[in-house]
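File shown: work-v3.cif (mmCIF, C-alpha atoms and all ligand atoms).
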```
data_structure
#
loop_
_atom_site.group_PDB
_atom_site.id
_atom_site.type_symbol
_atom_site.label_atom_id
_atom_site.label_comp_id
_atom_site.auth_asym_id
_atom_site.auth_seq_id
_atom_site.Cartn_x
_atom_site.Cartn_y
_atom_site.Cartn_z
ATOM 1 C CA MET A 109 -21.164 9.230 -4.621
ATOM 2 C CA SER A 110 -19.937 5.729 -3.987
ATOM 3 C CA VAL A 111 -17.561 4.217 -6.495
ATOM 4 C CA LEU A 112 -19.902 1.221 -6.650
ATOM 5 C CA SER A 113 -22.644 3.336 -8.215
ATOM 6 C CA LYS A 114 -20.593 3.647 -11.432
ATOM 7 C CA PRO A 115 -22.562 2.341 -14.450
ATOM 8 C CA TYR A 116 -20.023 -0.373 -15.331
ATOM 9 C CA PHE A 117 -20.758 -2.111 -12.040
ATOM 10 C CA HIS A 118 -24.441 -2.479 -13.007
ATOM 11 C CA CYS A 119 -24.911 -2.298 -16.762
ATOM 12 C CA GLU A 120 -23.442 -4.984 -19.034
ATOM 13 C CA GLU A 121 -22.855 -2.662 -21.965
ATOM 14 C CA ALA A 122 -20.957 -0.222 -19.757
ATOM 15 C CA ALA A 123 -19.058 -3.123 -18.175
ATOM 16 C CA PHE A 124 -17.841 -4.353 -21.577
ATOM 17 C CA ALA A 125 -16.892 -0.811 -22.592
ATOM 18 C CA HIS A 126 -14.967 -0.381 -19.341
ATOM 19 C CA LEU A 127 -13.014 -3.615 -19.728
ATOM 20 C CA GLU A 128 -12.300 -2.810 -23.385
ATOM 21 C CA THR A 129 -10.796 0.538 -22.396
ATOM 22 C CA ALA A 130 -8.653 -1.209 -19.777
ATOM 23 C CA LEU A 131 -7.401 -4.055 -21.977
ATOM 24 C CA TRP A 132 -7.557 -2.521 -25.437
ATOM 25 C CA PRO A 133 -6.292 1.061 -25.031
ATOM 26 C CA GLN A 134 -5.435 1.135 -28.782
ATOM 27 C CA GLY A 135 -8.670 -0.523 -29.894
ATOM 28 C CA PRO A 136 -9.750 -4.175 -30.208
ATOM 29 C CA VAL A 137 -7.072 -6.867 -30.494
ATOM 30 C CA CYS A 138 -8.038 -10.281 -31.900
ATOM 31 C CA PRO A 139 -7.081 -12.855 -29.230
ATOM 32 C CA HIS A 140 -6.886 -15.591 -31.886
ATOM 33 C CA CYS A 141 -4.333 -14.073 -34.279
ATOM 34 C CA GLY A 142 -3.197 -10.940 -32.427
ATOM 35 C CA SER A 143 -4.390 -8.647 -35.219
ATOM 36 C CA MET A 144 -5.063 -5.055 -34.236
ATOM 37 C CA GLY A 145 -6.286 -4.284 -37.700
ATOM 38 C CA LYS A 146 -9.767 -4.192 -39.083
ATOM 39 C CA HIS A 147 -12.559 -5.998 -37.328
ATOM 40 C CA TYR A 148 -16.312 -6.130 -37.699
ATOM 41 C CA ASP A 149 -18.457 -4.718 -34.949
ATOM 42 C CA LEU A 150 -21.137 -7.299 -34.084
ATOM 43 C CA ARG A 151 -22.181 -5.723 -30.810
ATOM 44 C CA LYS A 152 -25.753 -5.519 -32.052
ATOM 45 C CA THR A 153 -25.767 -9.348 -32.222
ATOM 46 C CA ARG A 154 -24.208 -9.996 -28.836
ATOM 47 C CA LEU A 155 -22.639 -7.938 -26.076
ATOM 48 C CA GLY A 156 -19.085 -6.910 -26.888
ATOM 49 C CA LEU A 157 -18.884 -9.173 -29.964
ATOM 50 C CA ARG A 158 -16.322 -8.477 -32.698
ATOM 51 C CA LYS A 159 -15.171 -10.432 -35.724
ATOM 52 C CA CYS A 160 -11.609 -10.469 -36.966
ATOM 53 C CA ALA A 161 -11.283 -9.260 -40.572
ATOM 54 C CA GLU A 162 -7.963 -11.059 -41.226
ATOM 55 C CA LYS A 163 -8.554 -13.466 -44.088
ATOM 56 C CA ALA A 164 -6.796 -16.354 -42.357
ATOM 57 C CA CYS A 165 -8.643 -15.802 -39.065
ATOM 58 C CA ARG A 166 -12.198 -14.465 -39.342
ATOM 59 C CA LYS A 167 -12.908 -15.566 -35.789
ATOM 60 C CA GLN A 168 -15.310 -13.929 -33.389
ATOM 61 C CA PHE A 169 -14.245 -12.631 -30.014
ATOM 62 C CA THR A 170 -15.095 -10.375 -27.104
ATOM 63 C CA VAL A 171 -12.735 -8.708 -24.671
ATOM 64 C CA LYS A 172 -13.306 -11.618 -22.257
ATOM 65 C CA VAL A 173 -11.670 -14.213 -24.541
ATOM 66 C CA GLY A 174 -8.329 -15.390 -23.173
ATOM 67 C CA THR A 175 -8.897 -13.894 -19.719
ATOM 68 C CA VAL A 176 -9.775 -15.444 -16.351
ATOM 69 C CA PHE A 177 -13.309 -14.140 -16.902
ATOM 70 C CA GLU A 178 -13.807 -16.037 -20.165
ATOM 71 C CA SER A 179 -15.645 -19.135 -19.009
ATOM 72 C CA ALA A 180 -17.408 -17.655 -15.984
ATOM 73 C CA HIS A 181 -21.180 -17.583 -16.364
ATOM 74 C CA ILE A 182 -21.666 -14.436 -14.356
ATOM 75 C CA PRO A 183 -22.542 -10.974 -15.713
ATOM 76 C CA LEU A 184 -19.357 -8.997 -16.379
ATOM 77 C CA SER A 185 -20.646 -6.074 -14.289
ATOM 78 C CA LYS A 186 -20.805 -8.376 -11.258
ATOM 79 C CA MET A 187 -17.305 -9.666 -11.914
ATOM 80 C CA LEU A 188 -16.069 -6.066 -11.996
ATOM 81 C CA GLN A 189 -17.877 -5.403 -8.695
ATOM 82 C CA ALA A 190 -16.248 -8.447 -7.111
ATOM 83 C CA THR A 191 -12.827 -7.315 -8.348
ATOM 84 C CA TYR A 192 -13.359 -3.896 -6.818
ATOM 85 C CA LEU A 193 -14.571 -5.341 -3.511
ATOM 86 C CA MET A 194 -11.550 -7.634 -3.244
ATOM 87 C CA CYS A 195 -9.175 -4.818 -4.159
ATOM 88 C CA ALA A 196 -10.717 -2.309 -1.788
ATOM 89 C CA SER A 197 -11.025 -4.431 1.375
ATOM 90 C CA LYS A 198 -7.787 -4.500 3.327
ATOM 91 C CA LYS A 199 -8.419 -7.925 4.825
ATOM 92 C CA SER A 200 -10.214 -9.170 1.732
ATOM 93 C CA ILE A 201 -13.750 -10.403 1.473
ATOM 94 C CA SER A 202 -15.041 -13.953 1.652
ATOM 95 C CA SER A 203 -16.782 -15.926 -1.071
ATOM 96 C CA HIS A 204 -19.815 -15.965 1.253
ATOM 97 C CA GLN A 205 -19.941 -12.177 1.317
ATOM 98 C CA ILE A 206 -19.518 -11.984 -2.467
ATOM 99 C CA HIS A 207 -22.300 -14.575 -2.838
ATOM 100 C CA ARG A 208 -24.688 -12.521 -0.702
ATOM 101 C CA LEU A 209 -23.701 -9.075 -1.988
ATOM 102 C CA LEU A 210 -23.864 -9.949 -5.685
ATOM 103 C CA GLY A 211 -26.726 -12.432 -5.545
ATOM 104 C CA ILE A 212 -24.764 -15.218 -7.244
ATOM 105 C CA THR A 213 -24.472 -18.814 -6.010
ATOM 106 C CA TYR A 214 -21.800 -19.604 -3.436
ATOM 107 C CA LYS A 215 -20.097 -21.917 -5.878
ATOM 108 C CA SER A 216 -19.933 -19.198 -8.553
ATOM 109 C CA ALA A 217 -18.638 -16.739 -5.960
ATOM 110 C CA TRP A 218 -15.956 -19.218 -4.889
ATOM 111 C CA PHE A 219 -14.702 -19.715 -8.434
ATOM 112 C CA LEU A 220 -14.930 -16.015 -9.193
ATOM 113 C CA THR A 221 -12.802 -15.016 -6.196
ATOM 114 C CA HIS A 222 -10.155 -17.535 -7.258
ATOM 115 C CA ARG A 223 -10.207 -16.187 -10.825
ATOM 116 C CA ILE A 224 -9.626 -12.699 -9.446
ATOM 117 C CA ARG A 225 -6.790 -13.926 -7.192
ATOM 118 C CA GLU A 226 -5.207 -15.452 -10.281
ATOM 119 C CA ALA A 227 -5.458 -12.038 -11.982
ATOM 120 C CA MET A 228 -3.667 -10.521 -8.975
ATOM 121 C CA ARG A 229 -0.799 -12.995 -9.233
ATOM 122 C CA ASP A 230 2.319 -11.087 -10.164
ATOM 123 C CA GLY A 231 4.478 -13.729 -11.789
ATOM 124 C CA SER A 232 7.406 -11.321 -11.811
ATOM 125 C CA LEU A 233 10.752 -13.086 -11.688
ATOM 126 C CA ALA A 234 12.891 -9.969 -11.434
ATOM 127 C CA PRO A 235 15.240 -10.282 -8.469
ATOM 128 C CA MET A 236 14.516 -8.102 -5.453
ATOM 129 C CA GLY A 237 16.924 -5.942 -3.491
ATOM 130 C CA GLY A 238 18.215 -3.662 -6.218
ATOM 131 C CA ILE A 239 18.135 0.119 -6.037
ATOM 132 C CA ASP A 240 16.459 2.005 -8.879
ATOM 133 C CA GLY A 241 18.902 3.858 -11.067
ATOM 134 C CA MET A 242 21.951 2.413 -9.271
ATOM 135 C CA PRO A 243 23.116 -0.717 -11.078
ATOM 136 C CA GLY A 244 25.311 -2.914 -8.909
ATOM 137 C CA ALA A 245 24.073 -1.376 -5.665
ATOM 138 C CA GLY A 246 22.073 -3.421 -3.194
ATOM 139 C CA GLY A 247 19.230 -2.618 -0.841
ATOM 140 C CA ILE A 248 17.746 -4.450 2.123
ATOM 141 C CA VAL A 249 15.555 -7.539 1.848
ATOM 142 C CA GLU A 250 13.893 -9.005 4.918
ATOM 143 C CA ALA A 251 13.190 -12.747 4.859
ATOM 144 C CA ASP A 252 11.006 -14.665 7.276
ATOM 145 C CA GLU A 253 8.886 -17.784 7.360
ATOM 146 C CA THR A 254 5.531 -18.458 8.953
ATOM 147 C CA PHE A 255 2.977 -21.229 9.484
ATOM 148 C CA ILE A 256 -0.628 -21.003 8.365
ATOM 149 C CA GLY A 257 -3.561 -23.076 9.623
ATOM 150 C CA ARG A 258 -3.187 -26.783 9.212
ATOM 151 C CA GLU A 259 -3.729 -29.082 6.333
ATOM 152 C CA PRO A 260 -7.237 -30.546 6.196
ATOM 153 C CA GLY A 261 -7.708 -33.979 7.728
ATOM 154 C CA VAL A 262 -4.787 -33.703 10.134
ATOM 155 C CA PRO A 263 -5.603 -34.185 13.811
ATOM 156 C CA LYS A 264 -4.943 -31.197 16.076
ATOM 157 C CA ALA A 265 -2.239 -32.960 18.075
ATOM 158 C CA ARG A 266 -0.080 -33.296 14.987
ATOM 159 C CA ALA A 267 -1.054 -29.946 13.574
ATOM 160 C CA TYR A 268 2.312 -28.227 14.102
ATOM 161 C CA HIS A 269 4.075 -30.449 11.603
ATOM 162 C CA HIS A 270 1.185 -30.159 9.224
ATOM 163 C CA LYS A 271 0.786 -26.438 9.220
ATOM 164 C CA MET A 272 1.261 -24.893 5.811
ATOM 165 C CA LYS A 273 4.538 -23.057 5.453
ATOM 166 C CA VAL A 274 5.154 -19.750 3.775
ATOM 167 C CA LEU A 275 8.368 -17.888 3.006
ATOM 168 C CA SER A 276 8.079 -14.160 2.389
ATOM 169 C CA LEU A 277 10.744 -11.827 1.061
ATOM 170 C CA LEU A 278 10.230 -8.124 1.561
ATOM 171 C CA ASP A 279 12.263 -5.544 -0.331
ATOM 172 C CA ARG A 280 12.394 -2.713 2.151
ATOM 173 C CA ASP A 281 13.505 -0.026 -0.323
ATOM 174 C CA ALA A 282 10.890 -0.843 -2.954
ATOM 175 C CA GLY A 283 8.289 -1.620 -0.285
ATOM 176 C CA LYS A 284 7.271 -4.811 -2.069
ATOM 177 C CA VAL A 285 6.716 -8.343 -0.861
ATOM 178 C CA ARG A 286 6.891 -11.758 -2.561
ATOM 179 C CA SER A 287 5.489 -14.863 -0.852
ATOM 180 C CA VAL A 288 6.006 -18.513 -1.685
ATOM 181 C CA VAL A 289 4.308 -21.633 -0.305
ATOM 182 C CA VAL A 290 7.016 -24.133 0.696
ATOM 183 C CA ASP A 291 6.843 -27.820 1.640
ATOM 184 C CA ASP A 292 9.172 -27.393 4.598
ATOM 185 C CA ILE A 293 11.537 -24.810 6.010
ATOM 186 C CA LYS A 294 14.775 -26.736 5.686
ATOM 187 C CA PRO A 295 17.764 -24.640 4.555
ATOM 188 C CA GLU A 296 18.121 -26.717 1.381
ATOM 189 C CA THR A 297 14.492 -25.978 0.487
ATOM 190 C CA LEU A 298 14.618 -22.259 1.122
ATOM 191 C CA ARG A 299 18.093 -21.544 -0.222
ATOM 192 C CA PRO A 300 17.367 -21.870 -3.952
ATOM 193 C CA ILE A 301 14.227 -19.739 -3.589
ATOM 194 C CA ILE A 302 16.065 -17.014 -1.720
ATOM 195 C CA GLU A 303 18.997 -17.072 -4.139
ATOM 196 C CA ALA A 304 16.768 -16.935 -7.205
ATOM 197 C CA ASN A 305 14.711 -14.027 -5.893
ATOM 198 C CA ILE A 306 17.278 -11.702 -4.337
ATOM 199 C CA LEU A 307 20.224 -9.912 -5.946
ATOM 200 C CA LYS A 308 23.678 -10.867 -4.658
ATOM 201 C CA GLU A 309 24.367 -7.183 -3.949
ATOM 202 C CA ALA A 310 21.540 -7.012 -1.424
ATOM 203 C CA SER A 311 21.708 -7.217 2.365
ATOM 204 C CA LEU A 312 19.632 -10.018 3.818
ATOM 205 C CA PHE A 313 17.946 -9.322 7.167
ATOM 206 C CA THR A 314 16.579 -12.331 9.088
ATOM 207 C CA ASP A 315 16.172 -13.612 12.603
ATOM 208 C CA GLU A 316 18.892 -15.820 14.062
ATOM 209 C CA SER A 317 17.380 -19.053 12.712
ATOM 210 C CA SER A 318 20.037 -21.389 11.328
ATOM 211 C CA ILE A 319 17.882 -21.751 8.197
ATOM 212 C CA TYR A 320 19.442 -18.556 6.886
ATOM 213 C CA THR A 321 23.085 -18.953 7.941
ATOM 214 C CA LYS A 322 24.456 -20.559 4.795
ATOM 215 C CA VAL A 323 22.335 -18.710 2.284
ATOM 216 C CA GLY A 324 23.034 -15.445 4.111
ATOM 217 C CA ALA A 325 26.726 -15.808 3.358
ATOM 218 C CA THR A 326 26.031 -15.695 -0.381
ATOM 219 C CA PHE A 327 24.821 -12.072 -0.181
ATOM 220 C CA ALA A 328 26.781 -8.831 0.205
ATOM 221 C CA ASP A 329 25.669 -8.740 3.826
ATOM 222 C CA HIS A 330 23.584 -10.787 6.247
ATOM 223 C CA GLN A 331 22.329 -9.236 9.479
ATOM 224 C CA MET A 332 20.364 -11.052 12.144
ATOM 225 C CA THR A 333 18.466 -10.088 15.256
ATOM 226 C CA THR A 334 18.481 -12.543 18.160
ATOM 227 C CA HIS A 335 14.822 -13.046 18.941
ATOM 228 C CA SER A 336 15.679 -15.708 21.539
ATOM 229 C CA ALA A 337 17.522 -13.018 23.505
ATOM 230 C CA LYS A 338 14.566 -10.641 23.066
ATOM 231 C CA GLU A 339 16.492 -8.569 20.558
ATOM 232 C CA TYR A 340 14.002 -7.512 17.873
ATOM 233 C CA VAL A 341 15.534 -4.321 16.568
ATOM 234 C CA ARG A 342 19.150 -3.230 16.331
ATOM 235 C CA GLY A 343 19.257 0.079 14.540
ATOM 236 C CA ILE A 344 17.966 -0.615 11.042
ATOM 237 C CA VAL A 345 18.359 -4.370 11.528
ATOM 238 C CA HIS A 346 14.994 -6.038 12.064
ATOM 239 C CA THR A 347 12.378 -8.151 10.293
ATOM 240 C CA SER A 348 9.346 -6.306 11.620
ATOM 241 C CA THR A 349 8.203 -5.132 8.170
ATOM 242 C CA VAL A 350 7.729 -8.692 6.927
ATOM 243 C CA GLU A 351 6.296 -9.735 10.313
ATOM 244 C CA GLY A 352 3.762 -6.918 10.000
ATOM 245 C CA TYR A 353 2.854 -8.246 6.577
ATOM 246 C CA PHE A 354 2.319 -11.742 8.036
ATOM 247 C CA SER A 355 0.018 -10.350 10.694
ATOM 248 C CA VAL A 356 -2.236 -8.702 8.075
ATOM 249 C CA PHE A 357 -2.309 -11.940 6.107
ATOM 250 C CA LYS A 358 -3.101 -14.044 9.176
ATOM 251 C CA ARG A 359 -5.840 -11.742 10.382
ATOM 252 C CA GLY A 360 -7.351 -11.893 6.915
ATOM 253 C CA MET A 361 -7.087 -15.661 6.723
ATOM 254 C CA LYS A 362 -8.593 -16.089 10.161
ATOM 255 C CA GLY A 363 -11.635 -13.926 9.655
ATOM 256 C CA VAL A 364 -12.308 -14.705 6.034
ATOM 257 C CA TYR A 365 -10.891 -18.028 4.974
ATOM 258 C CA GLN A 366 -11.533 -20.568 7.670
ATOM 259 C CA HIS A 367 -10.659 -23.604 5.655
ATOM 260 C CA CYS A 368 -7.984 -23.108 3.096
ATOM 261 C CA GLY A 369 -6.412 -26.135 1.477
ATOM 262 C CA LYS A 370 -2.717 -26.084 0.668
ATOM 263 C CA GLN A 371 -3.524 -26.323 -3.055
ATOM 264 C CA HIS A 372 -5.169 -22.880 -2.861
ATOM 265 C CA LEU A 373 -2.849 -21.114 -0.442
ATOM 266 C CA HIS A 374 -0.615 -19.653 -3.159
ATOM 267 C CA ARG A 375 -3.603 -17.840 -4.622
ATOM 268 C CA TYR A 376 -4.590 -16.293 -1.278
ATOM 269 C CA LEU A 377 -0.979 -15.193 -0.861
ATOM 270 C CA ALA A 378 -1.019 -13.686 -4.344
ATOM 271 C CA GLU A 379 -4.049 -11.658 -3.276
ATOM 272 C CA PHE A 380 -2.413 -10.304 -0.111
ATOM 273 C CA ASP A 381 0.917 -9.704 -1.888
ATOM 274 C CA PHE A 382 -0.983 -7.808 -4.585
ATOM 275 C CA ARG A 383 -2.805 -5.512 -2.174
ATOM 276 C CA TYR A 384 0.430 -4.873 -0.255
ATOM 277 C CA ASN A 385 2.402 -4.123 -3.413
ATOM 278 C CA ASN A 386 -0.313 -1.803 -4.721
ATOM 279 C CA ARG A 387 -1.134 0.052 -1.532
ATOM 280 C CA VAL A 388 -2.009 3.661 -0.780
ATOM 281 C CA LYS A 389 1.466 4.368 0.649
ATOM 282 C CA LEU A 390 2.899 3.550 -2.790
ATOM 283 C CA GLY A 391 0.407 5.947 -4.357
ATOM 284 C CA CYS A 392 -2.191 3.376 -5.374
ATOM 285 C CA GLY A 393 -5.790 3.901 -4.269
ATOM 286 C CA ASP A 394 -8.756 1.503 -4.480
ATOM 287 C CA VAL A 395 -9.799 2.451 -8.018
ATOM 288 C CA GLU A 396 -6.262 2.325 -9.428
ATOM 289 C CA ARG A 397 -5.679 -1.008 -7.631
ATOM 290 C CA THR A 398 -8.814 -2.421 -9.278
ATOM 291 C CA GLU A 399 -7.599 -1.264 -12.704
ATOM 292 C CA ARG A 400 -4.256 -2.984 -12.096
ATOM 293 C CA ALA A 401 -6.017 -6.208 -11.103
ATOM 294 C CA LEU A 402 -8.084 -6.033 -14.295
ATOM 295 C CA GLY A 403 -4.850 -5.607 -16.235
ATOM 296 C CA GLY A 404 -3.803 -9.004 -14.836
ATOM 297 C CA ILE A 405 -6.801 -10.998 -16.082
ATOM 298 C CA VAL A 406 -5.161 -11.550 -19.472
ATOM 299 C CA GLY A 407 -3.308 -14.755 -20.253
ATOM 300 C CA LYS A 408 -4.152 -16.534 -17.011
ATOM 301 C CA ARG A 409 -7.173 -18.625 -17.852
ATOM 302 C CA LEU A 410 -8.389 -20.524 -14.853
ATOM 303 C CA THR A 411 -10.658 -23.410 -15.646
ATOM 304 C CA TYR A 412 -12.815 -25.510 -13.411
ATOM 305 C CA ARG A 413 -10.242 -28.274 -13.649
ATOM 306 C CA SER A 414 -7.224 -26.174 -12.802
ATOM 307 C CA VAL A 415 -8.876 -24.807 -9.659
ATOM 308 C CA GLY A 416 -9.536 -28.355 -8.469
ATOM 309 C CA ASP A 417 -11.574 -29.209 -5.422
ATOM 310 C CA ARG A 418 -13.120 -26.501 -3.411
ATOM 311 C CA ALA A 419 -11.834 -26.107 0.114
HETATM 312 ZN ZN ZN A 501 -7.904 -12.813 -35.765
#
```
Would you kindly transcribe this structure into structure tokens?
Ligand SMILES: [Zn+2]
Amino acid sequence: MSVLSKPYFHCEEAAFAHLETALWPQGPVCPHCGSMGKHYDLRKTRLGLRKCAEKACRKQFTVKVGTVFESAHIPLSKMLQATYLMCASKKSISSHQIHRLLGITYKSAWFLTHRIREAMRDGSLAPMGGIDGMPGAGGIVEADETFIGREPGVPKARAYHHKMKVLSLLDRDAGKVRSVVVDDIKPETLRPIIEANILKEASLFTDESSIYTKVGATFADHQMTTHSAKEYVRGIVHTSTVEGYFSVFKRGMKGVYQHCGKQHLHRYLAEFDFRYNNRVKLGCGDVERTERALGGIVGKRLTYRSVGDRA
């Protein structure tokens, strides 16, 4: 039986119940005052509706309030389907496919996919390159930069300078990646990002690019491979894990997102980072990955205005 035949992907009541179990494991929580106490069940009036019983509050709410799904005018069951589809497809799925599969307008599908990407955004600021259970010890972090597409409106001849730039850091021991959109790849631009995201105890592995020379010296170790001399691997020294990650991202962006504006790129990266960091090899299957994405819908409201122009 396909996962997609589950009732919560088709029935609104089941969809609300499913999301409530995911977000309210201890029972309803009022999003207005944070009360977990008594509430009135108004689900006979409207799907998922509750009313806070706190004297000072008395506000109504559903499990969607305060989440990226709050202001979307799409049945919750369809939003859960879209979340599953985006979590379960390795190279992602386009807004056009979501539009056709779910029978919602393209515009709704476009906003919905961006809401879900926002839910996938990690937001973790914990430095990478540590080793679990060994304080003060450092692991290996690969760093590399890449260019994506070109910014809209730029003629092809000048495209190289106008390609969008991405820096990715990949913690080889934890098997996790973190990607950042950058304005340029000058050392002074990348250095603060690298320093803020990687523990000093870690070993930094890069190619021989001079971008990394100075920042490399601030870590316990800095090893480089000389790509210009066709040296790609020297024992454990290489950046092929992060390069492999880039190739998945680029294949996905090529087939699925033909025109991606720079203002949206960070959200596409969040999506690919999320799938990579919650992959089968780390013990996370499609269903579990979807549950984790749903866990991220809280506290990241994405309004029409904050998404900006479609691209
Ligand atoms: Zn309340």
**Report entry** CA of Gly135 (chain A) to CA of Lys163 (chain A), straight-line distance in Å
**Finding:**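 Separation between CA of Lys163 (chain A) and CA of Gly135 (chain A): 19.2 Å.
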Could you list the protein, DNA and RNA residues that have any atom within 12 Å of ligand ZN 501 (chain A), counting only C-alpha atoms and all ligand atoms, and write them as an mmCIF file with C-alpha atoms, in the coordinates of the input?
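Okay, selection.cif is ready:
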```cif
data_model
loop_
_atom_site.group_PDB
_atom_site.id
_atom_site.type_symbol
_atom_site.label_atom_id
_atom_site.label_comp_id
_atom_site.auth_asym_id
_atom_site.auth_seq_id
_atom_site.Cartn_x
_atom_site.Cartn_y
_atom_site.Cartn_z
ATOM 1 C CA PRO A 136 -9.750 -4.175 -30.208
ATOM 2 C CA VAL A 137 -7.072 -6.867 -30.494
ATOM 3 C CA CYS A 138 -8.038 -10.281 -31.900
ATOM 4 C CA PRO A 139 -7.081 -12.855 -29.230
ATOM 5 C CA HIS A 140 -6.886 -15.591 -31.886
ATOM 6 C CA CYS A 141 -4.333 -14.073 -34.279
ATOM 7 C CA GLY A 142 -3.197 -10.940 -32.427
ATOM 8 C CA SER A 143 -4.390 -8.647 -35.219
ATOM 9 C CA MET A 144 -5.063 -5.055 -34.236
ATOM 10 C CA GLY A 145 -6.286 -4.284 -37.700
ATOM 11 C CA LYS A 146 -9.767 -4.192 -39.083
ATOM 12 C CA HIS A 147 -12.559 -5.998 -37.328
ATOM 13 C CA TYR A 148 -16.312 -6.130 -37.699
ATOM 14 C CA ARG A 158 -16.322 -8.477 -32.698
ATOM 15 C CA LYS A 159 -15.171 -10.432 -35.724
ATOM 16 C CA CYS A 160 -11.609 -10.469 -36.966
ATOM 17 C CA ALA A 161 -11.283 -9.260 -40.572
ATOM 18 C CA GLU A 162 -7.963 -11.059 -41.226
ATOM 19 C CA LYS A 163 -8.554 -13.466 -44.088
ATOM 20 C CA ALA A 164 -6.796 -16.354 -42.357
ATOM 21 C CA CYS A 165 -8.643 -15.802 -39.065
ATOM 22 C CA ARG A 166 -12.198 -14.465 -39.342
ATOM 23 C CA LYS A 167 -12.908 -15.566 -35.789
ATOM 24 C CA GLN A 168 -15.310 -13.929 -33.389
ATOM 25 C CA PHE A 169 -14.245 -12.631 -30.014
ATOM 26 C CA THR A 170 -15.095 -10.375 -27.104
ATOM 27 C CA VAL A 173 -11.670 -14.213 -24.541
#
```
Report as a PDB file with C-alpha atoms, in the coordinates of the input the full result of the PyMOL selection byres (((chain A and resi 128-133) around 9) and not hetatm) when it is applied to this structure.
```
ATOM      1  CA  ALA A 123     -19.058  -3.123 -18.175  1.00  0.00           C
ATOM      2  CA  PHE A 124     -17.841  -4.353 -21.577  1.00  0.00           C
ATOM      3  CA  ALA A 125     -16.892  -0.811 -22.592  1.00  0.00           C
ATOM      4  CA  HIS A 126     -14.967  -0.381 -19.341  1.00  0.00           C
ATOM      5  CA  LEU A 127     -13.014  -3.615 -19.728  1.00  0.00           C
ATOM      6  CA  GLN A 134      -5.435   1.135 -28.782  1.00  0.00           C
ATOM      7  CA  GLY A 135      -8.670  -0.523 -29.894  1.00  0.00           C
ATOM      8  CA  PRO A 136      -9.750  -4.175 -30.208  1.00  0.00           C
ATOM      9  CA  VAL A 137      -7.072  -6.867 -30.494  1.00  0.00           C
ATOM     10  CA  GLY A 156     -19.085  -6.910 -26.888  1.00  0.00           C
ATOM     11  CA  THR A 170     -15.095 -10.375 -27.104  1.00  0.00           C
ATOM     12  CA  VAL A 171     -12.735  -8.708 -24.671  1.00  0.00           C
ATOM     13  CA  LYS A 172     -13.306 -11.618 -22.257  1.00  0.00           C
ATOM     14  CA  GLU A 399      -7.599  -1.264 -12.704  1.00  0.00           C
ATOM     15  CA  LEU A 402      -8.084  -6.033 -14.295  1.00  0.00           C
ATOM     16  CA  GLY A 403      -4.850  -5.607 -16.235  1.00  0.00           C
ATOM     17  CA  VAL A 406      -5.161 -11.550 -19.472  1.00  0.00           C
TER      18      VAL A 406
END
```
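If you look at CA of Ile239 (chain A) and CA of Ala325 (chain A), they are 20.4 Å away from each other.
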Requested in this report: Quick one: pull the distance between CA of Lys152 (chain A) and CA of Ile405 (chain A), Å, one decimal.
Outcome: 25.4 Å
Query - Selection near Val350 (chain A), 8 Å with all atoms listed in the file, sequence-local residues under 6 positions removed, as a PyMOL selection string - result: chain A and resi 250-252+276-278+285
**Report entry** Selection result of the PyMOL selection byres (((chain A and resi 227) around 12) and not hetatm) on this file, as a ChimeraX atom specification
**Finding:** /A:175-177,191,194-195,220-226,228-231,375-376,378-379,382,397-410
Query raised in the report: Restricting the calculation to all atoms listed in the file, which member of A:Thr334, A:Thr321, A:Ser232, A:Thr254 is positioned closest to Gly352 (chain A)?
Result: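 Looking only at the distances to Gly352 (chain A), the closest residue turns out to be A:Thr254.
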Requested in this report: Evaluate the PyMOL selection byres (((chain A and resi 315) around 9) and not hetatm) on the structure here and hand back the selected residues as number ranges by chain.
Outcome: A: 251-252, 313-314, 316-318, 320, 331-335, 340, 346-347
Report task. Would you mind telling me which residue in A:Lys308, A:His181, A:Arg342, A:Lys199 lies nearest to Ala328 (chain A) when using only C-alpha atoms? Result ->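 Closest residue, counting only C-alpha atoms: A:Lys308.
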Grab region 220-227 of chain A from that structure and dump N, CA and C atoms to a file, as an mmCIF file, in the first residue's frame.
```cif
data_model
loop_
_atom_site.group_PDB
_atom_site.id
_atom_site.type_symbol
_atom_site.label_atom_id
_atom_site.label_comp_id
_atom_site.auth_asym_id
_atom_site.auth_seq_id
_atom_site.Cartn_x
_atom_site.Cartn_y
_atom_site.Cartn_z
ATOM 1 N N LEU A 220 3.208 27.326 -1.898
ATOM 2 C CA LEU A 220 3.240 26.185 -0.979
ATOM 3 C C LEU A 220 4.636 25.561 -0.922
ATOM 4 N N THR A 221 5.264 25.374 -2.094
ATOM 5 C CA THR A 221 6.592 24.749 -2.079
ATOM 6 C C THR A 221 7.590 25.637 -1.324
ATOM 7 N N HIS A 222 7.440 26.955 -1.451
ATOM 8 C CA HIS A 222 8.346 27.828 -0.692
ATOM 9 C C HIS A 222 8.055 27.800 0.806
ATOM 10 N N ARG A 223 6.797 27.646 1.180
ATOM 11 C CA ARG A 223 6.466 27.494 2.609
ATOM 12 C C ARG A 223 7.136 26.241 3.160
ATOM 13 N N ILE A 224 7.072 25.163 2.378
ATOM 14 C CA ILE A 224 7.640 23.892 2.839
ATOM 15 C C ILE A 224 9.168 23.983 2.922
ATOM 16 N N ARG A 225 9.780 24.663 1.939
ATOM 17 C CA ARG A 225 11.240 24.881 2.008
ATOM 18 C C ARG A 225 11.611 25.647 3.272
ATOM 19 N N GLU A 226 10.779 26.618 3.625
ATOM 20 C CA GLU A 226 11.035 27.399 4.835
ATOM 21 C C GLU A 226 10.976 26.481 6.058
ATOM 22 N N ALA A 227 10.023 25.537 6.044
ATOM 23 C CA ALA A 227 9.920 24.569 7.149
ATOM 24 C C ALA A 227 11.175 23.699 7.232
#
```
